[in-house]
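First comes the structure, then the notes that go with it.
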Amino acid sequence: MGKVNPQAGELINTYISKSSEFAKPILEELRRMINSCDDRIVEDWKWGAPNFAFKGVFCWTAAFQEHVGVNFYKGALIKDRFNLLEHEGAAEKSNRILKIRALGEINENAMRDYVQQCVHFNEKEMNPIIPKKETSIPSSLLQALKSNKKAFENFDKFPNSYKKEYAEWINNAKQETTRDRRINQALEWIEEGKDKNWKYK
């Protein structure tokens with residue numbers, strides 16, 4: 001396991017205190033619950049969010065505008081007996097996400113089960129085997145980029161991993177309105193030279 005940030009506890013306290021009012025009690029309860037699952041779990045701080053680790057990070061929590069997310073890095077391995085985990089992003093990504101919008105939505109049995117499974121995965125050095133697939137840049141994004149010179153130039157200079165993240169985000173939109181909204185957001189971020197996941201770094 002990599003070196004744990006020695007200020008993790010203090011940074012997590014600050015993160016929770018500065019979160020929105022609906023998110024604070026959710027983050028506090030999730031923190032308590034995750035830490036209580038196994039006395040070998042340690043808190044860490046990476047990518048601007050609370051992390052929880054045992055022989056490597058296995059999940060993080062983050063407050064968003066309308067929900068608190070729990071991201072399980074090896075979620076593809078989890079046997080989801082509670083059917084609460086969501087799969088966001090490309091099919092080859094191994095993470096799974098639990099979204100919580102109110103304190104009463106937290107299922108303690110599910111959380112304990114997920115966390116204990118993830119601790120086991122790290123202890124046994126188990127990793128998901130996810131088939132990779134080629135990702136094409138959607139024509140709608142290319143057309144939008146051509147209308148914005150700065151964004152087009154930045155996108156052209158991006159490493160393939162950045163291009164792929166934006167392409168997958170837009171390709172995975174199920175509705176046209178969602179796709180258009182994502183394209184507009186992508187243009188704004190790309191024009192600023194930001195990758196898709198800049199918020200988490």
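Every chain in the structure tokens takes a letter, A first, then B, and so on in the order presented; its residues are numbered from 1, and the ligands are numbered from 1 following the presented order.
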Can you write out as JSON lines which residues of segment 31-104 of chain A fall within 7 Å of segment 123-128 of chain A, alongside each residue's closest atom pair and its distance in Å to one decimal, counting only C-alpha atoms and ordering rows by chain and ascending residue number?
```
{"residue": "A:Lys55", "atom": "CA", "partner": "A:Glu123", "partner_atom": "CA", "distance": 6.6}
{"residue": "A:Lys74", "atom": "CA", "partner": "A:Pro128", "partner_atom": "CA", "distance": 6.5}
{"residue": "A:Ala76", "atom": "CA", "partner": "A:Pro128", "partner_atom": "CA", "distance": 6.2}
{"residue": "A:Leu77", "atom": "CA", "partner": "A:Pro128", "partner_atom": "CA", "distance": 5.9}
{"residue": "A:Ser94", "atom": "CA", "partner": "A:Pro128", "partner_atom": "CA", "distance": 6.4}
```
Could those residues be written to a file, using all heavy atoms, as an mmCIF file, in the first residue's frame?
```
data_model
loop_
_atom_site.group_PDB
_atom_site.id
_atom_site.type_symbol
_atom_site.label_atom_id
_atom_site.label_comp_id
_atom_site.auth_asym_id
_atom_site.auth_seq_id
_atom_site.Cartn_x
_atom_site.Cartn_y
_atom_site.Cartn_z
ATOM 1 N N LYS A 55 -4.561 -2.137 2.325
ATOM 2 C CA LYS A 55 -3.674 -2.644 1.279
ATOM 3 C C LYS A 55 -4.012 -1.988 -0.062
ATOM 4 O O LYS A 55 -4.085 -2.641 -1.093
ATOM 5 C CB LYS A 55 -3.762 -4.172 1.175
ATOM 6 C CG LYS A 55 -3.216 -4.878 2.407
ATOM 7 C CD LYS A 55 -3.108 -6.374 2.192
ATOM 8 C CE LYS A 55 -2.429 -7.028 3.395
ATOM 9 N NZ LYS A 55 -2.285 -8.486 3.239
ATOM 10 N N LYS A 74 -13.045 -1.507 -7.114
ATOM 11 C CA LYS A 74 -13.139 -2.862 -7.671
ATOM 12 C C LYS A 74 -14.582 -3.359 -7.644
ATOM 13 O O LYS A 74 -14.857 -4.540 -7.480
ATOM 14 C CB LYS A 74 -12.220 -3.812 -6.901
ATOM 15 C CG LYS A 74 -10.746 -3.445 -7.017
ATOM 16 C CD LYS A 74 -9.861 -4.416 -6.248
ATOM 17 C CE LYS A 74 -8.391 -4.029 -6.376
ATOM 18 N NZ LYS A 74 -7.508 -4.963 -5.620
ATOM 19 N N ALA A 76 -16.687 -4.008 -9.806
ATOM 20 C CA ALA A 76 -17.085 -5.052 -10.757
ATOM 21 C C ALA A 76 -16.981 -6.439 -10.145
ATOM 22 O O ALA A 76 -17.630 -7.372 -10.618
ATOM 23 C CB ALA A 76 -16.207 -4.969 -12.009
ATOM 24 N N LEU A 77 -16.190 -6.566 -9.081
ATOM 25 C CA LEU A 77 -16.052 -7.859 -8.408
ATOM 26 C C LEU A 77 -17.137 -8.087 -7.353
ATOM 27 O O LEU A 77 -17.366 -9.215 -6.923
ATOM 28 C CB LEU A 77 -14.687 -7.956 -7.720
ATOM 29 C CG LEU A 77 -13.447 -8.111 -8.599
ATOM 30 C CD1 LEU A 77 -12.189 -8.038 -7.734
ATOM 31 C CD2 LEU A 77 -13.476 -9.427 -9.352
ATOM 32 N N SER A 94 -13.921 -0.674 -13.978
ATOM 33 C CA SER A 94 -14.224 -1.657 -12.938
ATOM 34 C C SER A 94 -14.951 -1.068 -11.741
ATOM 35 O O SER A 94 -15.408 -1.799 -10.877
ATOM 36 C CB SER A 94 -12.928 -2.311 -12.459
ATOM 37 O OG SER A 94 -12.078 -1.351 -11.864
#
```
DSSP alpha helix (DSSP H) residues within segment 2-183 of chain A, listed as a PyMOL selection string: chain A and resi 8-17+23-36+108-123+139-146+149-157+160-171+176-183
Write a file of the selected residues as a short mmCIF file (atom, residue, chain, number, x, y, z; two decimals), in the first residue's frame, keeping C-alpha atoms.
```
data_model
loop_
_atom_site.label_atom_id
_atom_site.label_comp_id
_atom_site.auth_asym_id
_atom_site.auth_seq_id
_atom_site.Cartn_x
_atom_site.Cartn_y
_atom_site.Cartn_z
CA ALA A 8 -6.11 12.66 6.02
CA GLY A 9 -8.27 12.82 9.14
CA GLU A 10 -8.04 16.62 9.36
CA LEU A 11 -8.64 17.05 5.62
CA ILE A 12 -11.72 14.81 5.76
CA ASN A 13 -13.07 16.79 8.74
CA THR A 14 -12.66 20.01 6.75
CA TYR A 15 -14.20 18.48 3.63
CA ILE A 16 -17.30 17.39 5.55
CA SER A 17 -17.63 20.73 7.37
CA ALA A 23 -24.42 16.04 2.55
CA LYS A 24 -22.77 16.54 5.96
CA PRO A 25 -24.72 13.92 7.95
CA ILE A 26 -24.50 11.44 5.06
CA LEU A 27 -20.71 11.81 4.79
CA GLU A 28 -20.32 11.53 8.57
CA GLU A 29 -22.44 8.38 8.75
CA LEU A 30 -20.70 6.76 5.79
CA ARG A 31 -17.33 7.54 7.37
CA ARG A 32 -18.39 5.96 10.66
CA MET A 33 -19.89 2.94 8.92
CA ILE A 34 -16.93 2.24 6.64
CA ASN A 35 -14.39 2.58 9.45
CA SER A 36 -16.41 0.23 11.68
CA GLU A 108 -26.05 -0.31 6.66
CA ASN A 109 -26.22 -4.01 5.80
CA ALA A 110 -25.41 -3.26 2.16
CA MET A 111 -22.56 -0.88 3.05
CA ARG A 112 -20.97 -3.39 5.42
CA ASP A 113 -21.28 -6.12 2.81
CA TYR A 114 -19.75 -4.01 0.03
CA VAL A 115 -16.88 -2.77 2.20
CA GLN A 116 -16.05 -6.20 3.58
CA GLN A 117 -16.02 -7.65 0.08
CA CYS A 118 -13.64 -4.91 -1.06
CA VAL A 119 -11.32 -5.46 1.90
CA HIS A 120 -11.23 -9.14 0.94
CA PHE A 121 -10.43 -8.26 -2.70
CA ASN A 122 -7.45 -6.13 -1.63
CA GLU A 123 -6.28 -8.69 0.92
CA SER A 139 -19.31 12.98 -34.65
CA SER A 140 -21.48 15.35 -32.59
CA LEU A 141 -18.49 16.17 -30.38
CA LEU A 142 -16.18 16.63 -33.36
CA GLN A 143 -18.64 19.04 -34.99
CA ALA A 144 -18.95 21.02 -31.76
CA LEU A 145 -15.15 21.18 -31.41
CA LYS A 146 -14.81 22.56 -34.92
CA LYS A 149 -11.03 26.94 -32.17
CA LYS A 150 -9.48 26.97 -28.68
CA ALA A 151 -11.31 23.82 -27.61
CA PHE A 152 -10.39 22.09 -30.88
CA GLU A 153 -6.70 22.91 -30.40
CA ASN A 154 -6.72 21.74 -26.79
CA PHE A 155 -8.53 18.52 -27.63
CA ASP A 156 -6.04 17.79 -30.40
CA LYS A 157 -3.19 18.09 -27.88
CA ASN A 160 -5.66 9.60 -25.84
CA SER A 161 -6.88 8.82 -22.32
CA TYR A 162 -8.45 12.31 -22.01
CA LYS A 163 -10.07 12.04 -25.43
CA LYS A 164 -11.44 8.63 -24.53
CA GLU A 165 -12.99 9.87 -21.27
CA TYR A 166 -14.90 12.62 -23.08
CA ALA A 167 -15.93 10.30 -25.92
CA GLU A 168 -17.28 7.66 -23.54
CA TRP A 169 -19.15 10.23 -21.46
CA ILE A 170 -20.97 11.51 -24.52
CA ASN A 171 -21.45 8.09 -26.14
CA GLU A 176 -30.39 13.45 -26.95
CA THR A 177 -30.92 16.24 -24.41
CA THR A 178 -28.39 14.60 -22.08
CA ARG A 179 -25.91 14.23 -24.93
CA ASP A 180 -26.28 17.88 -25.94
CA ARG A 181 -25.85 19.03 -22.34
CA ARG A 182 -22.70 16.94 -21.98
CA ILE A 183 -21.27 18.27 -25.23
#
```
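Interatomic distance, atom CA of Pro50 of chain A to atom CA of Gly104 of chain A: 21.0 Å.
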Residue contacts of Asn51 of chain A (10 Å, only C-alpha atoms) excluding same-chain residues fewer than 4 positions away, as a ChimeraX atom specification: /A:4,8,12,31,42-47,56-62,70-71
